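Text of the file model_21.cif, holding mmCIF, C-alpha atoms:
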```cif
data_my_file
#
loop_
_atom_site.label_atom_id
_atom_site.label_comp_id
_atom_site.auth_asym_id
_atom_site.auth_seq_id
_atom_site.Cartn_x
_atom_site.Cartn_y
_atom_site.Cartn_z
CA ASP A 9 3.48 14.04 -13.53
CA ALA A 10 3.35 17.64 -14.66
CA LYS A 11 5.08 20.13 -12.38
CA THR A 12 3.04 22.74 -10.55
CA THR A 13 3.97 26.21 -9.34
CA GLN A 14 2.24 27.82 -6.37
CA PRO A 15 2.99 30.94 -4.34
CA PRO A 16 4.67 29.95 -1.07
CA SER A 17 2.27 31.92 1.09
CA MET A 18 -0.96 33.91 1.01
CA ASP A 19 -3.11 35.75 3.51
CA CYS A 20 -6.85 36.11 3.57
CA ALA A 21 -9.30 37.89 5.86
CA GLU A 22 -11.85 35.75 7.64
CA GLY A 23 -15.16 35.70 5.81
CA ARG A 24 -13.64 36.71 2.50
CA ALA A 25 -13.01 34.46 -0.47
CA ALA A 26 -9.57 32.87 -0.71
CA ASN A 27 -8.32 32.42 -4.26
CA LEU A 28 -5.31 30.15 -4.53
CA PRO A 29 -3.57 30.04 -7.92
CA CYS A 30 -1.62 27.19 -9.47
CA ASN A 31 0.33 27.00 -12.71
CA HIS A 32 0.72 23.67 -14.51
CA SER A 33 1.80 24.63 -18.00
CA THR A 34 3.12 21.14 -18.89
CA ILE A 35 -0.11 19.32 -18.05
CA SER A 36 -1.08 16.62 -20.51
CA GLY A 37 -4.57 15.90 -21.77
CA ASN A 38 -5.30 12.98 -19.46
CA GLU A 39 -3.95 14.46 -16.24
CA TYR A 40 -6.19 15.62 -13.43
CA VAL A 41 -5.75 18.67 -11.22
CA TYR A 42 -6.11 17.85 -7.53
CA TRP A 43 -6.20 20.09 -4.49
CA TYR A 44 -5.37 18.83 -1.03
CA ARG A 45 -4.68 20.66 2.19
CA GLN A 46 -2.76 19.81 5.31
CA ILE A 47 -3.56 21.38 8.63
CA HIS A 48 -0.51 21.38 10.88
CA SER A 49 0.90 17.83 10.62
CA GLN A 50 -2.50 16.20 10.19
CA GLY A 51 -3.01 13.89 7.25
CA PRO A 52 -3.58 15.63 3.92
CA GLN A 53 -7.25 16.23 3.26
CA TYR A 54 -8.82 15.93 -0.18
CA ILE A 55 -10.58 19.11 -1.32
CA ILE A 56 -11.51 18.80 -4.96
CA HIS A 57 -10.25 17.62 -8.34
CA GLY A 58 -11.09 18.09 -11.99
CA LEU A 59 -10.03 17.24 -15.51
CA LYS A 60 -11.31 19.96 -17.83
CA ASN A 61 -14.47 21.46 -16.43
CA ASN A 62 -14.89 23.70 -13.43
CA GLU A 63 -15.94 21.81 -10.33
CA THR A 64 -17.71 22.75 -7.12
CA ASN A 65 -18.38 20.85 -3.94
CA GLU A 66 -19.27 21.70 -0.38
CA MET A 67 -15.74 22.77 0.42
CA ALA A 68 -14.54 24.73 -2.58
CA SER A 69 -14.67 25.55 -6.27
CA LEU A 70 -12.03 24.68 -8.83
CA ILE A 71 -11.63 26.87 -11.88
CA ILE A 72 -9.47 25.44 -14.68
CA THR A 73 -8.50 27.69 -17.58
CA GLU A 74 -9.55 26.63 -21.05
CA ASP A 75 -5.98 25.75 -22.05
CA ARG A 76 -5.65 23.84 -18.72
CA LYS A 77 -2.32 25.47 -17.99
CA SER A 78 -3.47 27.00 -14.74
CA SER A 79 -6.18 26.67 -12.14
CA THR A 80 -7.58 28.47 -9.11
CA LEU A 81 -8.98 27.00 -5.93
CA ILE A 82 -11.65 29.17 -4.38
CA LEU A 83 -12.70 28.93 -0.74
CA PRO A 84 -15.81 31.13 -0.83
CA HIS A 85 -15.92 32.20 2.82
CA ALA A 86 -12.62 31.48 4.52
CA THR A 87 -12.61 30.73 8.24
CA LEU A 88 -9.76 30.47 10.72
CA ARG A 89 -10.00 26.69 10.39
CA ASP A 90 -9.00 26.98 6.73
CA THR A 91 -5.47 28.02 7.72
CA ALA A 92 -3.36 25.24 6.20
CA VAL A 93 -0.88 24.33 3.50
CA TYR A 94 -2.71 23.89 0.20
CA TYR A 95 -1.24 21.56 -2.41
CA CYS A 96 -2.04 21.71 -6.11
CA ILE A 97 -1.15 18.38 -7.72
CA VAL A 98 -1.33 17.20 -11.30
CA SER A 99 -1.62 13.47 -11.69
CA GLY A 100 -2.90 10.79 -13.98
CA ARG A 101 -0.27 9.87 -16.52
CA GLU A 102 -0.13 6.18 -17.33
CA THR A 103 3.25 5.96 -15.58
CA SER A 104 1.95 7.45 -12.35
CA GLY A 105 -1.63 6.24 -12.19
CA SER A 106 -3.35 7.38 -9.05
CA ARG A 107 -0.40 8.24 -6.87
CA LEU A 108 0.15 11.89 -6.00
CA THR A 109 3.38 13.85 -6.00
CA PHE A 110 3.27 16.67 -3.48
CA GLY A 111 5.21 19.88 -3.95
CA GLU A 112 5.80 22.74 -1.54
CA GLY A 113 2.25 24.04 -1.56
CA THR A 114 0.87 27.41 -0.47
CA GLN A 115 0.65 28.30 3.20
CA LEU A 116 -2.71 30.03 3.53
CA THR A 117 -3.20 32.07 6.68
CA VAL A 118 -6.70 33.27 7.43
CA ASN A 119 -6.63 36.31 9.69
CA PRO A 120 -9.43 37.45 12.03
CA ASP B 21 -12.45 11.30 9.92
CA SER B 22 -11.11 9.91 6.62
CA GLY B 23 -11.85 6.28 7.50
CA VAL B 24 -8.17 5.34 7.22
CA THR B 25 -6.72 4.10 10.51
CA GLN B 26 -3.04 4.18 11.35
CA THR B 27 -1.38 2.73 14.43
CA PRO B 28 0.48 3.60 16.50
CA LYS B 29 0.13 7.38 16.53
CA HIS B 30 3.55 7.86 18.07
CA LEU B 31 6.61 5.64 18.12
CA ILE B 32 9.91 6.32 19.83
CA THR B 33 12.79 3.98 19.23
CA ALA B 34 16.56 3.84 18.99
CA THR B 35 18.94 3.72 16.06
CA GLY B 36 19.46 0.27 14.63
CA GLN B 37 16.03 -0.94 15.68
CA ARG B 38 13.14 -2.22 13.57
CA VAL B 39 9.53 -1.02 13.72
CA THR B 40 6.26 -1.85 12.03
CA LEU B 41 3.61 0.71 11.14
CA ARG B 42 0.10 -0.47 10.46
CA CYS B 43 -2.64 0.90 8.22
CA SER B 44 -6.27 -0.10 7.76
CA PRO B 45 -7.77 1.38 4.61
CA ARG B 46 -11.29 2.69 4.22
CA SER B 47 -13.90 -0.02 3.86
CA GLY B 48 -14.00 -1.12 0.23
CA ASP B 49 -10.73 0.49 -0.81
CA LEU B 50 -8.33 -1.89 -2.50
CA SER B 51 -5.32 0.38 -2.91
CA VAL B 52 -2.99 1.55 -0.17
CA TYR B 53 -0.23 4.14 -0.38
CA TRP B 54 2.57 5.03 2.02
CA TYR B 55 4.09 8.50 2.29
CA GLN B 56 6.88 9.92 4.41
CA GLN B 57 6.97 13.53 5.55
CA SER B 58 10.10 14.97 7.04
CA LEU B 59 10.95 18.61 7.64
CA ASP B 60 13.53 18.81 4.87
CA GLN B 61 11.90 16.53 2.28
CA GLY B 62 8.21 17.33 2.37
CA LEU B 63 5.66 14.63 1.51
CA GLN B 64 7.39 11.81 -0.35
CA PHE B 65 5.62 8.87 -1.97
CA LEU B 66 7.09 5.56 -0.83
CA ILE B 67 5.04 2.70 -2.23
CA GLN B 68 1.59 1.66 -3.43
CA TYR B 69 -0.23 -1.66 -3.16
CA TYR B 70 -3.35 -2.81 -4.91
CA ASN B 71 -5.25 -5.84 -3.66
CA GLY B 72 -2.16 -7.39 -2.17
CA GLU B 73 0.22 -6.67 -5.04
CA GLU B 74 2.85 -3.98 -5.27
CA ARG B 75 1.78 -1.48 -7.93
CA ALA B 76 4.25 1.38 -7.75
CA LYS B 77 7.44 2.24 -5.97
CA GLY B 78 8.73 5.67 -5.11
CA ASN B 79 11.60 6.86 -2.97
CA ILE B 80 11.59 3.89 -0.63
CA LEU B 81 14.87 2.85 0.94
CA GLU B 82 16.01 -0.76 0.76
CA ARG B 83 15.83 -0.87 4.58
CA PHE B 84 12.09 -0.28 4.28
CA SER B 85 9.57 -2.82 3.09
CA ALA B 86 5.81 -3.04 2.96
CA GLN B 87 3.08 -5.52 2.29
CA GLN B 88 -0.68 -5.65 1.95
CA PHE B 89 -2.50 -8.57 3.50
CA PRO B 90 -5.57 -10.49 2.27
CA ASP B 91 -7.80 -8.41 4.57
CA LEU B 92 -6.32 -5.36 2.78
CA HIS B 93 -4.57 -3.85 5.77
CA SER B 94 -0.99 -2.86 5.13
CA GLU B 95 2.20 -2.75 7.14
CA LEU B 96 5.32 -0.68 6.59
CA ASN B 97 8.46 -2.19 8.08
CA LEU B 98 11.41 0.05 8.80
CA SER B 99 14.67 -1.61 9.82
CA SER B 100 18.19 -0.57 10.80
CA LEU B 101 16.71 2.75 11.76
CA GLU B 102 18.76 5.92 11.47
CA LEU B 103 18.22 9.35 12.96
CA GLY B 104 17.18 10.61 9.54
CA ASP B 105 14.24 8.21 9.45
CA SER B 106 12.48 10.33 12.03
CA ALA B 107 9.39 11.59 10.23
CA LEU B 108 5.63 11.45 9.92
CA TYR B 109 4.50 8.39 7.99
CA PHE B 110 1.11 8.59 6.32
CA CYS B 111 -0.99 5.90 4.81
CA ALA B 112 -3.67 6.64 2.24
CA SER B 113 -6.23 4.52 0.45
CA SER B 114 -8.33 4.72 -2.67
CA VAL B 115 -10.92 2.53 -4.31
CA GLY B 116 -9.00 0.93 -7.13
CA GLY B 117 -5.73 2.77 -7.58
CA PHE B 118 -6.72 4.23 -10.94
CA LYS B 119 -6.11 7.75 -12.14
CA GLY B 120 -8.78 10.25 -11.26
CA GLU B 121 -9.48 8.69 -7.87
CA LYS B 122 -9.40 10.52 -4.57
CA LEU B 123 -6.86 9.46 -2.00
CA PHE B 124 -7.90 9.52 1.65
CA PHE B 125 -5.15 9.89 4.21
CA GLY B 126 -4.85 8.65 7.76
CA SER B 127 -3.68 10.81 10.64
CA GLY B 128 -0.16 9.43 10.47
CA THR B 129 2.43 7.79 12.70
CA GLN B 130 5.06 10.09 14.18
CA LEU B 131 8.33 8.15 14.32
CA SER B 132 11.15 9.47 16.47
CA VAL B 133 14.51 7.71 16.24
CA LEU B 134 16.82 8.62 19.12
#
```
Can you turn what I pasted into structure tokens?
Amino acid sequence: DAKTTQPPSMDCAEGRAANLPCNHSTISGNEYVYWYRQIHSQGPQYIIHGLKNNETNEMASLIITEDRKSSTLILPHATLRDTAVYYCIVSGRETSGSRLTFGEGTQLTVNP
Amino acid sequence: DSGVTQTPKHLITATGQRVTLRCSPRSGDLSVYWYQQSLDQGLQFLIQYYNGEERAKGNILERFSAQQFPDLHSELNLSSLELGDSALYFCASSVGGFKGEKLFFGSGTQLSVL
């Protein structure tokens, strides 16, 4: 799987948009970009994923650059409950299939 | 609630012992994954099963083994336990185990080896 690079930590004010960046410059054409989060030792929670196009669901938006070498997860109105470690994962090569390789992630802290 | 059920939630045992962790996937999901999360290693993929067959292996120790039963639940067996095996063990499931699928994680089993 392609390697990802994320900032180790970020802060965001409650009610503001949280924009979490991820670099994946070695991504191949058939690999997906996934975002998961983990709230203090709970099981990782799926947020969103995409291949080439931007995606939006009830939780977040995923913006993937045209060259697919980076992406941004957007939480439009962050709440205190969004404080978590956010993982950007690239997966989908034939050798890895559906399994996910987690890195260090970004610790997002939403402040009142 | 992800729909993935793991039991027990907490397990305390001694070195040298053997334990079994259980996972029930979401209804309809055929693929099960096991992950280990320790403080110094982060989330590590251990093994994946699809419809009863092993599909992929990660950083799983030889002292560890897993299986998926005909009813699709899975068990992770940890034997000759060492202090370093203390960790959170997560199970996840997905529909078919193909790329592009979402994985749904259970709430984990906290294993403490004393």
(message) I need the residue nearest chain A from this list: B:Ser99, B:Asn71, B:Ser85, B:Gln57. Use all atoms listed in the file for the distance.
(response)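 Closest to chain A, using all atoms listed in the file: B:Gln57.
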(message) Under the rule that all atoms listed in the file are counted, which of B:Ser127, B:Ser51, B:Asn79, B:Ser58 is the nearest residue to Leu103 of chain B?
(response)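 Going through B:Ser127, B:Ser51, B:Asn79, B:Ser58 one by one, the smallest distance to Leu103 of chain B is for B:Ser58.
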Exercise answer, chain A residues close to chain B, 7 Å and all atoms listed in the file, as a PDB file with C-alpha atoms, in the frame of the given file:
```
ATOM      1  CA  TYR A  40      -6.190  15.620 -13.430  1.00  0.00           C
ATOM      2  CA  GLN A  50      -2.500  16.200  10.190  1.00  0.00           C
ATOM      3  CA  GLY A  51      -3.010  13.890   7.250  1.00  0.00           C
ATOM      4  CA  PRO A  52      -3.580  15.630   3.920  1.00  0.00           C
ATOM      5  CA  GLN A  53      -7.250  16.230   3.260  1.00  0.00           C
ATOM      6  CA  TYR A  54      -8.820  15.930  -0.180  1.00  0.00           C
ATOM      7  CA  GLY A 100      -2.900  10.790 -13.980  1.00  0.00           C
ATOM      8  CA  GLY A 105      -1.630   6.240 -12.190  1.00  0.00           C
ATOM      9  CA  SER A 106      -3.350   7.380  -9.050  1.00  0.00           C
ATOM     10  CA  THR A 109       3.380  13.850  -6.000  1.00  0.00           C
ATOM     11  CA  PHE A 110       3.270  16.670  -3.480  1.00  0.00           C
TER      12      PHE A 110
END
```
(message) Going by the chain IDs and residue numbers used in this file, which residues fall under the PyMOL selection byres ((chain A and resi 91) around 8)? Write them as JSON, numbers by chain.
(response) {"A": [47, 87, 88, 89, 90, 92, 93, 115, 116, 117, 118]}
(request) Name every residue that the PyMOL selection byres ((chain B and resi 91) around 12) selects in this structure, writing the answer as a list in words with chains first and numbers rising. (result)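 The output of the PyMOL selection byres ((chain B and resi 91) around 12) on this file is Cys43, Ser44, Pro45, Arg46, Ser47, Gly48, Asp49, Leu50, Ser51, Tyr70, Asn71, Gly72, Gln87, Gln88, Phe89, Pro90, Leu92, His93, Ser94 and Glu95 of chain B.
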Hey, can you spit out that residue selection with C-alpha atoms as a PDB file, keeping the file's coordinate frame?
```
ATOM      1  CA  CYS B  43      -2.640   0.900   8.220  1.00  0.00           C
ATOM      2  CA  SER B  44      -6.270  -0.100   7.760  1.00  0.00           C
ATOM      3  CA  PRO B  45      -7.770   1.380   4.610  1.00  0.00           C
ATOM      4  CA  ARG B  46     -11.290   2.690   4.220  1.00  0.00           C
ATOM      5  CA  SER B  47     -13.900  -0.020   3.860  1.00  0.00           C
ATOM      6  CA  GLY B  48     -14.000  -1.120   0.230  1.00  0.00           C
ATOM      7  CA  ASP B  49     -10.730   0.490  -0.810  1.00  0.00           C
ATOM      8  CA  LEU B  50      -8.330  -1.890  -2.500  1.00  0.00           C
ATOM      9  CA  SER B  51      -5.320   0.380  -2.910  1.00  0.00           C
ATOM     10  CA  TYR B  70      -3.350  -2.810  -4.910  1.00  0.00           C
ATOM     11  CA  ASN B  71      -5.250  -5.840  -3.660  1.00  0.00           C
ATOM     12  CA  GLY B  72      -2.160  -7.390  -2.170  1.00  0.00           C
ATOM     13  CA  GLN B  87       3.080  -5.520   2.290  1.00  0.00           C
ATOM     14  CA  GLN B  88      -0.680  -5.650   1.950  1.00  0.00           C
ATOM     15  CA  PHE B  89      -2.500  -8.570   3.500  1.00  0.00           C
ATOM     16  CA  PRO B  90      -5.570 -10.490   2.270  1.00  0.00           C
ATOM     17  CA  LEU B  92      -6.320  -5.360   2.780  1.00  0.00           C
ATOM     18  CA  HIS B  93      -4.570  -3.850   5.770  1.00  0.00           C
ATOM     19  CA  SER B  94      -0.990  -2.860   5.130  1.00  0.00           C
ATOM     20  CA  GLU B  95       2.200  -2.750   7.140  1.00  0.00           C
TER      21      GLU B  95
END
```
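Picture a line from atom CA of Tyr95 of chain A to atom CA of Gln46 of chain A; it runs 8.1 Å.
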(request) Spell out the residues picked by the PyMOL selection byres ((chain A and resi 59) around 7) here, as a PyMOL selection string. (result) chain A and resi 39-41+58+60-61
(message) One number please: atom CA of Cys30 of chain A to atom CA of Leu59 of chain B, in Å, one decimal.
(response) 22.9 Å
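Straight-line separation from atom CA of Met67 of chain A to atom CA of Ile55 of chain A: 6.6 Å.
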(request) Compare A:Cys96, A:Leu108, A:Ile56, A:Ala25 by their minimum atom-to-atom distance to Ile82 of chain A, counting all atoms listed in the file, and give me the closest one. (result)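 Under the stated criterion, the closest residue is A:Ala25.
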(message) Can you pull out the residues contacting Ser69 of chain A? Cut-off 10 Å, using only C-alpha atoms, and skip same-chain residues under 4 positions away; I want them as a list of chain:residue names.
(response) A:Asn27, A:Ile55, A:Ile56, A:His57, A:Asn62, A:Glu63, A:Thr64, A:Asn65, A:Thr80, A:Leu81, A:Ile82, A:Leu83, A:Pro84
What would the file look like if the residues just selected were written as a compact mmCIF listing (two decimals), keeping the file's coordinate frame with C-alpha atoms?
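Contents of again_32.txt, as written:
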```
# COMPACT_ATOMS: atom_id res chain seq x y z
CA ASN A 27 -8.32 32.42 -4.26
CA ILE A 55 -10.58 19.11 -1.32
CA ILE A 56 -11.51 18.80 -4.96
CA HIS A 57 -10.25 17.62 -8.34
CA ASN A 62 -14.89 23.70 -13.43
CA GLU A 63 -15.94 21.81 -10.33
CA THR A 64 -17.71 22.75 -7.12
CA ASN A 65 -18.38 20.85 -3.94
CA THR A 80 -7.58 28.47 -9.11
CA LEU A 81 -8.98 27.00 -5.93
CA ILE A 82 -11.65 29.17 -4.38
CA LEU A 83 -12.70 28.93 -0.74
CA PRO A 84 -15.81 31.13 -0.83
```
(request) Compare A:Val98, A:Ile71, A:Ala10, A:Cys20 by their minimum atom-to-atom distance to Tyr42 of chain A, counting all atoms listed in the file, and give me the closest one. (result)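 Between A:Val98, A:Ile71, A:Ala10, A:Cys20, the residue approaching Tyr42 of chain A most closely is A:Val98.
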(request) With a distance cut-off of 12 Å and all atoms listed in the file, select the neighbouring residues of Thr35 of chain B, excluding the residue or stretch itself and same-chain residues fewer than 6 positions from it, and output the selection as a ChimeraX atom specification. (result) /B:98-106,131-134
(request) Kindly provide, as a PyMOL selection string, the polymer residues lying within 9 Å of (-1.1, 17.3, -21.4), counting only C-alpha atoms and using the coordinates exactly as they appear in the file. (result) chain A and resi 10+33-39+76-77+101
Block slice segment 13-25 of chain A, all heavy atoms, emitted as a PDB file, in the first residue's frame:
```pdb
ATOM      1  N   THR A  13       1.361  10.497   4.674  1.00  0.00           N
ATOM      2  CA  THR A  13       1.983  11.416   5.621  1.00  0.00           C
ATOM      3  C   THR A  13       0.930  12.380   6.132  1.00  0.00           C
ATOM      4  O   THR A  13       0.251  13.041   5.327  1.00  0.00           O
ATOM      5  CB  THR A  13       3.132  12.201   4.968  1.00  0.00           C
ATOM      6  OG1 THR A  13       4.087  11.278   4.425  1.00  0.00           O
ATOM      7  CG2 THR A  13       3.828  13.081   6.004  1.00  0.00           C
ATOM      8  N   GLN A  14       0.793  12.429   7.459  1.00  0.00           N
ATOM      9  CA  GLN A  14      -0.182  13.311   8.092  1.00  0.00           C
ATOM     10  C   GLN A  14       0.507  14.111   9.200  1.00  0.00           C
ATOM     11  O   GLN A  14       1.448  13.614   9.821  1.00  0.00           O
ATOM     12  CB  GLN A  14      -1.316  12.505   8.736  1.00  0.00           C
ATOM     13  CG  GLN A  14      -2.120  11.649   7.799  1.00  0.00           C
ATOM     14  CD  GLN A  14      -3.174  10.869   8.571  1.00  0.00           C
ATOM     15  OE1 GLN A  14      -3.070   9.650   8.743  1.00  0.00           O
ATOM     16  NE2 GLN A  14      -4.200  11.576   9.033  1.00  0.00           N
ATOM     17  N   PRO A  15       0.021  15.315   9.473  1.00  0.00           N
ATOM     18  CA  PRO A  15       0.583  16.032  10.629  1.00  0.00           C
ATOM     19  C   PRO A  15       0.213  15.286  11.905  1.00  0.00           C
ATOM     20  O   PRO A  15      -0.872  14.723  11.998  1.00  0.00           O
ATOM     21  CB  PRO A  15      -0.122  17.402  10.571  1.00  0.00           C
ATOM     22  CG  PRO A  15      -1.338  17.170   9.744  1.00  0.00           C
ATOM     23  CD  PRO A  15      -1.013  16.075   8.791  1.00  0.00           C
ATOM     24  N   PRO A  16       1.108  15.271  12.890  1.00  0.00           N
ATOM     25  CA  PRO A  16       0.811  14.499  14.103  1.00  0.00           C
ATOM     26  C   PRO A  16      -0.338  15.074  14.917  1.00  0.00           C
ATOM     27  O   PRO A  16      -1.034  14.317  15.587  1.00  0.00           O
ATOM     28  CB  PRO A  16       2.124  14.544  14.900  1.00  0.00           C
ATOM     29  CG  PRO A  16       2.912  15.648  14.308  1.00  0.00           C
ATOM     30  CD  PRO A  16       2.467  15.806  12.893  1.00  0.00           C
ATOM     31  N   SER A  17      -0.542  16.365  14.868  1.00  0.00           N
ATOM     32  CA  SER A  17      -1.624  16.944  15.659  1.00  0.00           C
ATOM     33  C   SER A  17      -2.153  18.209  15.008  1.00  0.00           C
ATOM     34  O   SER A  17      -1.445  18.884  14.253  1.00  0.00           O
ATOM     35  CB  SER A  17      -1.132  17.247  17.080  1.00  0.00           C
ATOM     36  OG  SER A  17      -0.131  18.229  17.067  1.00  0.00           O
ATOM     37  N   MET A  18      -3.419  18.499  15.302  1.00  0.00           N
ATOM     38  CA  MET A  18      -4.077  19.718  14.844  1.00  0.00           C
ATOM     39  C   MET A  18      -5.089  20.131  15.888  1.00  0.00           C
ATOM     40  O   MET A  18      -5.627  19.279  16.621  1.00  0.00           O
ATOM     41  CB  MET A  18      -4.797  19.494  13.503  1.00  0.00           C
ATOM     42  CG  MET A  18      -3.894  19.225  12.332  1.00  0.00           C
ATOM     43  SD  MET A  18      -4.823  19.062  10.794  1.00  0.00           S
ATOM     44  CE  MET A  18      -5.529  20.687  10.624  1.00  0.00           C
ATOM     45  N   ASP A  19      -5.367  21.432  15.915  1.00  0.00           N
ATOM     46  CA  ASP A  19      -6.411  21.965  16.775  1.00  0.00           C
ATOM     47  C   ASP A  19      -7.459  22.649  15.922  1.00  0.00           C
ATOM     48  O   ASP A  19      -7.174  23.169  14.839  1.00  0.00           O
ATOM     49  CB  ASP A  19      -5.823  22.975  17.773  1.00  0.00           C
ATOM     50  CG  ASP A  19      -5.036  22.302  18.871  1.00  0.00           C
ATOM     51  OD1 ASP A  19      -5.678  21.665  19.717  1.00  0.00           O
ATOM     52  OD2 ASP A  19      -3.807  22.386  18.859  1.00  0.00           O
ATOM     53  N   CYS A  20      -8.677  22.665  16.454  1.00  0.00           N
ATOM     54  CA  CYS A  20      -9.773  23.305  15.741  1.00  0.00           C
ATOM     55  C   CYS A  20     -10.741  23.858  16.785  1.00  0.00           C
ATOM     56  O   CYS A  20     -10.952  23.229  17.839  1.00  0.00           O
ATOM     57  CB  CYS A  20     -10.468  22.293  14.840  1.00  0.00           C
ATOM     58  SG  CYS A  20     -11.902  22.920  13.969  1.00  0.00           S
ATOM     59  N   ALA A  21     -11.335  25.007  16.480  1.00  0.00           N
ATOM     60  CA  ALA A  21     -12.337  25.575  17.377  1.00  0.00           C
ATOM     61  C   ALA A  21     -13.688  24.935  17.096  1.00  0.00           C
ATOM     62  O   ALA A  21     -14.049  24.665  15.938  1.00  0.00           O
ATOM     63  CB  ALA A  21     -12.415  27.086  17.185  1.00  0.00           C
ATOM     64  N   GLU A  22     -14.428  24.706  18.155  1.00  0.00           N
ATOM     65  CA  GLU A  22     -15.759  24.120  18.017  1.00  0.00           C
ATOM     66  C   GLU A  22     -16.616  24.973  17.104  1.00  0.00           C
ATOM     67  O   GLU A  22     -16.630  26.202  17.203  1.00  0.00           O
ATOM     68  CB  GLU A  22     -16.404  24.008  19.399  1.00  0.00           C
ATOM     69  CG  GLU A  22     -17.696  23.218  19.418  1.00  0.00           C
ATOM     70  CD  GLU A  22     -18.263  23.073  20.820  1.00  0.00           C
ATOM     71  OE1 GLU A  22     -17.879  23.861  21.712  1.00  0.00           O
ATOM     72  OE2 GLU A  22     -19.084  22.145  21.026  1.00  0.00           O
ATOM     73  N   GLY A  23     -17.331  24.316  16.192  1.00  0.00           N
ATOM     74  CA  GLY A  23     -18.200  25.022  15.271  1.00  0.00           C
ATOM     75  C   GLY A  23     -17.528  25.426  13.967  1.00  0.00           C
ATOM     76  O   GLY A  23     -18.206  25.746  12.993  1.00  0.00           O
ATOM     77  N   ARG A  24     -16.204  25.387  13.951  1.00  0.00           N
ATOM     78  CA  ARG A  24     -15.483  25.724  12.731  1.00  0.00           C
ATOM     79  C   ARG A  24     -15.211  24.459  11.931  1.00  0.00           C
ATOM     80  O   ARG A  24     -15.331  23.338  12.416  1.00  0.00           O
ATOM     81  CB  ARG A  24     -14.156  26.417  13.073  1.00  0.00           C
ATOM     82  CG  ARG A  24     -14.282  27.653  13.931  1.00  0.00           C
ATOM     83  CD  ARG A  24     -15.073  28.741  13.239  1.00  0.00           C
ATOM     84  NE  ARG A  24     -14.377  29.298  12.097  1.00  0.00           N
ATOM     85  CZ  ARG A  24     -13.585  30.367  12.152  1.00  0.00           C
ATOM     86  NH1 ARG A  24     -13.362  30.978  13.298  1.00  0.00           N
ATOM     87  NH2 ARG A  24     -13.027  30.817  11.053  1.00  0.00           N
ATOM     88  N   ALA A  25     -14.833  24.656  10.680  1.00  0.00           N
ATOM     89  CA  ALA A  25     -14.475  23.518   9.840  1.00  0.00           C
ATOM     90  C   ALA A  25     -13.079  23.007  10.203  1.00  0.00           C
ATOM     91  O   ALA A  25     -12.168  23.798  10.435  1.00  0.00           O
ATOM     92  CB  ALA A  25     -14.524  23.910   8.368  1.00  0.00           C
TER      93      ALA A  25
END
```
